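Peer 1: Below is protein_31.pdb; it holds PDB, C-alpha atoms.
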MODEL        1
ATOM      1  CA  MET A   1     190.364  94.883 116.031
ATOM      2  CA  LEU A   2     194.122  95.345 116.449
ATOM      3  CA  LEU A   3     196.071  97.360 113.871
ATOM      4  CA  VAL A   4     199.746  96.516 113.407
ATOM      5  CA  VAL A   5     201.506  99.557 111.962
ATOM      6  CA  ASP A   6     204.407  98.104 109.983
ATOM      7  CA  ASN A   7     207.198 100.690 110.087
ATOM      8  CA  GLY A   8     209.591  98.418 108.207
ATOM      9  CA  SER A   9     211.228  96.313 110.934
ATOM     10  CA  ILE A  10     212.770  93.051 109.791
ATOM     11  CA  TYR A  11     211.120  91.478 112.859
ATOM     12  CA  THR A  12     207.504  92.383 111.979
ATOM     13  CA  LYS A  13     207.018  88.959 110.347
ATOM     14  CA  ASN A  14     207.681  87.359 113.768
ATOM     15  CA  LEU A  15     205.015  89.592 115.324
ATOM     16  CA  ILE A  16     202.511  88.659 112.601
ATOM     17  CA  ASN A  17     203.283  84.941 113.038
ATOM     18  CA  LEU A  18     202.702  85.225 116.805
ATOM     19  CA  LEU A  19     199.342  86.972 116.343
ATOM     20  CA  ILE A  20     198.231  84.299 113.859
ATOM     21  CA  GLN A  21     199.409  81.492 116.165
ATOM     22  CA  LYS A  22     197.493  82.992 119.115
ATOM     23  CA  ASN A  23     194.344  83.579 116.994
ATOM     24  CA  ILE A  24     194.462  87.317 117.670
ATOM     25  CA  SER A  25     192.414  89.213 115.110
ATOM     26  CA  PHE A  26     194.435  91.978 113.438
ATOM     27  CA  GLU A  27     195.096  93.986 110.313
ATOM     28  CA  LYS A  28     198.522  95.146 109.152
ATOM     29  CA  GLN A  29     199.191  98.421 107.364
ATOM     30  CA  THR A  30     202.181 100.557 106.479
ATOM     31  CA  PRO A  31     202.050 104.158 107.724
ATOM     32  CA  GLN A  32     202.252 105.465 104.152
ATOM     33  CA  LEU A  33     199.004 103.677 103.184
ATOM     34  CA  LEU A  34     197.157 104.178 106.468
ATOM     35  CA  ASN A  35     194.061 106.358 106.336
ATOM     36  CA  LEU A  36     194.160 108.297 109.628
ATOM     37  CA  ASN A  37     190.400 108.879 109.354
ATOM     38  CA  MET A  38     189.933 105.127 109.879
ATOM     39  CA  LEU A  39     191.644 104.927 113.318
ATOM     40  CA  ALA A  40     188.232 104.614 115.028
ATOM     41  CA  ASN A  41     187.884 101.167 113.398
ATOM     42  CA  TYR A  42     190.539  99.778 115.774
ATOM     43  CA  ASP A  43     190.522  99.137 119.517
ATOM     44  CA  SER A  44     194.291  98.679 119.834
ATOM     45  CA  PHE A  45     197.526  99.416 117.999
ATOM     46  CA  ILE A  46     201.026  97.979 117.813
ATOM     47  CA  LEU A  47     203.716 100.218 116.314
ATOM     48  CA  SER A  48     206.562  98.097 114.966
ATOM     49  CA  GLY A  49     210.238  98.910 114.868
ATOM     50  CA  ARG A  50     211.746 100.534 111.792
ATOM     51  CA  ARG A  51     214.715 100.308 109.478
ATOM     52  CA  ARG A  52     215.317 103.971 108.705
ATOM     53  CA  ASN A  53     214.247 107.406 109.899
ATOM     54  CA  GLU A  54     211.583 109.063 107.738
ATOM     55  CA  LYS A  55     209.867 112.300 108.731
ATOM     56  CA  LYS A  56     206.477 111.308 107.245
ATOM     57  CA  ILE A  57     206.468 107.952 109.111
ATOM     58  CA  ASN A  58     207.321 109.795 112.345
ATOM     59  CA  GLU A  59     204.419 112.223 111.804
ATOM     60  CA  ILE A  60     201.914 109.418 111.168
ATOM     61  CA  ASN A  61     203.051 107.378 114.198
ATOM     62  CA  SER A  62     202.841 110.522 116.370
ATOM     63  CA  LYS A  63     199.252 111.096 115.200
ATOM     64  CA  ILE A  64     198.337 107.498 116.101
ATOM     65  CA  ILE A  65     199.916 107.962 119.549
ATOM     66  CA  SER A  66     198.028 111.221 120.147
ATOM     67  CA  TYR A  67     194.778 109.564 119.050
ATOM     68  CA  CYS A  68     195.324 106.648 121.474
ATOM     69  CA  ILE A  69     196.127 108.959 124.389
ATOM     70  CA  LYS A  70     193.114 111.177 123.739
ATOM     71  CA  ASN A  71     190.740 108.211 123.417
ATOM     72  CA  ASP A  72     192.257 105.811 126.038
ATOM     73  CA  ILE A  73     193.014 103.215 123.363
ATOM     74  CA  LYS A  74     195.572 100.419 123.878
ATOM     75  CA  LEU A  75     198.947 100.950 122.226
ATOM     76  CA  LEU A  76     202.209  99.016 122.262
ATOM     77  CA  GLY A  77     205.243 100.678 120.708
ATOM     78  CA  ILE A  78     208.085  98.288 119.883
ATOM     79  CA  CYS A  79     211.662  99.685 119.803
ATOM     80  CA  TYR A  80     211.152 102.631 117.414
ATOM     81  CA  GLY A  81     207.505 102.586 118.567
ATOM     82  CA  ALA A  82     208.653 103.273 122.145
ATOM     83  CA  GLU A  83     211.089 105.948 120.959
ATOM     84  CA  ILE A  84     208.446 107.814 118.924
ATOM     85  CA  LEU A  85     206.069 107.523 121.912
ATOM     86  CA  ALA A  86     208.639 109.294 124.098
ATOM     87  CA  LEU A  87     209.458 111.870 121.395
ATOM     88  CA  THR A  88     205.776 112.644 120.723
ATOM     89  CA  LEU A  89     205.282 113.504 124.391
ATOM     90  CA  GLY A  90     208.416 115.647 124.758
ATOM     91  CA  GLY A  91     211.079 113.088 125.662
ATOM     92  CA  THR A  92     214.413 112.602 123.919
ATOM     93  CA  ILE A  93     216.363 109.749 122.336
ATOM     94  CA  ARG A  94     220.085 109.307 121.734
ATOM     95  CA  LYS A  95     222.263 107.296 119.398
ATOM     96  CA  THR A  96     224.012 104.357 121.074
ATOM     97  CA  ALA A  97     226.367 101.627 120.043
ATOM     98  CA  LEU A  98     224.338  98.954 118.267
ATOM     99  CA  LYS A  99     222.784  96.645 120.841
ATOM    100  CA  LYS A 100     221.891  93.224 119.491
ATOM    101  CA  GLY A 101     221.237  90.017 121.391
ATOM    102  CA  ASN A 102     219.539  88.703 124.506
ATOM    103  CA  GLU A 103     219.136  90.950 127.530
ATOM    104  CA  SER A 104     217.802  90.370 131.054
ATOM    105  CA  VAL A 105     215.148  92.894 132.036
ATOM    106  CA  LYS A 106     213.975  93.562 135.594
ATOM    107  CA  ILE A 107     210.412  94.783 136.129
ATOM    108  CA  THR A 108     210.518  97.722 138.540
ATOM    109  CA  GLN A 109     206.860  98.782 138.602
ATOM    110  CA  GLU A 110     203.672  96.742 138.853
ATOM    111  CA  ASN A 111     201.852  96.636 135.518
ATOM    112  CA  PRO A 112     199.341  94.470 133.614
ATOM    113  CA  ILE A 113     201.647  93.124 130.864
ATOM    114  CA  CYS A 114     204.610  91.554 132.681
ATOM    115  CA  SER A 115     206.092  90.772 136.073
ATOM    116  CA  ASP A 116     209.413  90.022 137.775
ATOM    117  CA  PHE A 117     212.038  89.332 135.164
ATOM    118  CA  LEU A 118     212.195  88.857 131.362
ATOM    119  CA  VAL A 119     214.772  87.629 128.886
ATOM    120  CA  VAL A 120     214.296  89.657 125.715
ATOM    121  CA  PHE A 121     215.950  90.375 122.371
ATOM    122  CA  GLU A 122     217.560  93.777 121.752
ATOM    123  CA  SER A 123     218.312  95.190 118.302
ATOM    124  CA  HIS A 124     218.664  98.959 118.265
ATOM    125  CA  GLY A 125     221.095 101.820 117.720
ATOM    126  CA  PHE A 126     218.986 104.453 119.501
ATOM    127  CA  GLU A 127     217.377 104.515 122.929
ATOM    128  CA  ILE A 128     215.184 106.757 125.022
ATOM    129  CA  SER A 129     217.416 109.132 126.985
ATOM    130  CA  LYS A 130     214.824 111.313 128.750
ATOM    131  CA  LEU A 131     211.242 110.420 129.574
ATOM    132  CA  PRO A 132     208.506 113.036 129.546
ATOM    133  CA  SER A 133     206.729 113.335 132.902
ATOM    134  CA  VAL A 134     203.615 111.403 131.753
ATOM    135  CA  LEU A 135     205.627 108.284 130.898
ATOM    136  CA  VAL A 136     206.643 105.978 133.746
ATOM    137  CA  PRO A 137     209.565 103.553 133.533
ATOM    138  CA  ILE A 138     208.359 100.065 134.470
ATOM    139  CA  ALA A 139     211.412  97.940 133.552
ATOM    140  CA  GLN A 140     215.160  98.338 133.085
ATOM    141  CA  SER A 141     218.279  96.347 132.226
ATOM    142  CA  ASN A 142     221.984  96.810 132.844
ATOM    143  CA  ASN A 143     222.260  98.415 129.396
ATOM    144  CA  CYS A 144     219.047 100.439 129.239
ATOM    145  CA  LYS A 145     217.247 102.523 131.855
ATOM    146  CA  TYR A 146     213.901 102.528 129.992
ATOM    147  CA  GLU A 147     213.314  98.984 128.702
ATOM    148  CA  ILE A 148     209.537  99.256 129.211
ATOM    149  CA  ILE A 149     207.582 102.466 129.666
ATOM    150  CA  GLN A 150     203.910 103.178 130.312
ATOM    151  CA  TYR A 151     201.737 106.234 129.966
ATOM    152  CA  GLU A 152     200.427 107.043 133.465
ATOM    153  CA  LYS A 153     197.341 104.931 134.209
ATOM    154  CA  LYS A 154     196.619 104.243 130.527
ATOM    155  CA  PRO A 155     197.053 101.013 128.522
ATOM    156  CA  ILE A 156     199.830 102.641 126.479
ATOM    157  CA  PHE A 157     203.239 100.947 126.585
ATOM    158  CA  GLY A 158     206.596 101.001 124.867
ATOM    159  CA  THR A 159     209.366  98.402 124.832
ATOM    160  CA  GLN A 160     212.915  99.346 123.863
ATOM    161  CA  PHE A 161     213.481  95.694 122.942
ATOM    162  CA  HIS A 162     211.736  93.470 120.373
ATOM    163  CA  PRO A 163     209.199  91.353 122.301
ATOM    164  CA  GLU A 164     208.287  89.492 119.117
ATOM    165  CA  MET A 165     211.735  87.826 119.221
ATOM    166  CA  SER A 166     211.629  85.954 122.580
ATOM    167  CA  GLN A 167     209.248  83.740 124.538
ATOM    168  CA  ASP A 168     209.030  86.217 127.444
ATOM    169  CA  GLY A 169     208.375  88.991 124.930
ATOM    170  CA  ASN A 170     205.704  86.920 123.175
ATOM    171  CA  ASN A 171     203.980  86.502 126.542
ATOM    172  CA  LEU A 172     204.086  90.298 127.008
ATOM    173  CA  ILE A 173     202.481  90.845 123.580
ATOM    174  CA  GLU A 174     199.764  88.296 124.331
ATOM    175  CA  LYS A 175     198.992  89.929 127.710
ATOM    176  CA  PHE A 176     198.822  93.324 125.990
ATOM    177  CA  CYS A 177     196.390  91.977 123.386
ATOM    178  CA  LEU A 178     194.180  90.467 126.097
ATOM    179  CA  LEU A 179     193.916  93.699 128.166
TER     180      LEU A 179
ENDMDL
END
Show me, as structure tokens, the structure contained in the file I just sent.
Peer 2:
Amino acid sequence: MLLVVDNGSIYTKNLINLLIQKNISFEKQTPQLLNLNMLANYDSFILSGRRRNEKKINEINSKIISYCIKNDIKLLGICYGAEILALTLGGTIRKTALKKGNESVKITQENPICSDFLVVFESHGFEISKLPSVLVPIAQSNNCKYEIIQYEKKPIFGTQFHPEMSQDGNNLIEKFCLL
């Protein structure tokens, strides 16, 4: 069962609609109501984007990330989800001018969730500025060096963009869910 951790993104409804349309079994929960002792009930996680920075939400998302790494469990971090993945493992993020709109992304590393070239939707004011050594960049754009990242040899990914907002991104989410 997939758990969607709803961190407050205005785009989460698009993610939920996609999962329903593709008949992907899931539950949705906010971090504040999530019982961390129940993580073993799920075989994959998607961390949504967010609207505002909250220390408690960061702590809970970091615990989910650590749990997934330790137990080799699938995880997809979307926008904020990718940023908190990098931060949890010792990377850094930086504030940027608001990026909003379509972006062309080039895949630079072979991976199981996408290939070649994607057109995606960006909507963020922060981005990953330094990757920790265990995270590998697998895609980039003219505006962002780390569009997609992956934990070395694990099914743990982050996208700086919002895959739930474009057809290419929807395909990426579906491939992730089918891993």
Peer 1: Given the PyMOL selection byres ((chain A and resi 68) around 10) and the file above, list the residues it selects as an MDAnalysis selection string.
Peer 2: chainID A and resid 39:40 43:45 62:67 69:75 154:156
Peer 1: When you look at stretch 85-89 of chain A with a cut-off of 10 Å (counting all atoms listed in the file), what residues show up, excluding the ones that are within fewer than 3 positions of it in the same chain? I need them as number ranges by chain.
Peer 2: A: 47, 58-59, 61-66, 75-82, 92-93, 128-135, 149-151, 156-158
Peer 1: Report the distance between atom CA of A:Asp6 and atom CA of A:Asp168 in Å, rounded to one decimal place.
Peer 2: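 So the two atoms, atom CA of A:Asp6 and atom CA of A:Asp168, lie 21.6 Å apart.
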Peer 1: Report, in Å with one decimal, the straight-line distance from atom CA of A:Lys56 to atom CA of A:Asn37.
Peer 2: 16.4 Å
Peer 1: Kindly indicate which residue among A:Thr96, A:Asn171, A:Gln109, A:Gly125 lies nearest to A:Glu152, using only C-alpha atoms for the distances.
Peer 2: A:Gln109
Peer 1: Got a sec: who's within 8 Å of A:Asp116, counting only C-alpha atoms, leaving out chain neighbours fewer than 6 positions off, as a PyMOL selection string?
Peer 2: chain A and resi 106-108
Peer 1: Please dump the current selection as a PDB file, keeping the file's coordinate frame; keep C-alpha atoms.
Peer 2:
ATOM      1  CA  LYS A 106     213.975  93.562 135.594  1.00  0.00           C
ATOM      2  CA  ILE A 107     210.412  94.783 136.129  1.00  0.00           C
ATOM      3  CA  THR A 108     210.518  97.722 138.540  1.00  0.00           C
TER       4      THR A 108
END
Peer 1: From the list A:Gln21, A:Asn170, A:Gln29, A:Ser48, which residue is nearest A:Cys114 when using all atoms listed in the file?
Peer 2: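 For A:Cys114, the nearest of the given residues is A:Asn170.
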Peer 1: Do you have the atom CA of A:Ser104-atom CA of A:His162 distance handy?
Peer 2: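 Distance between the two atoms: 12.7 Å.
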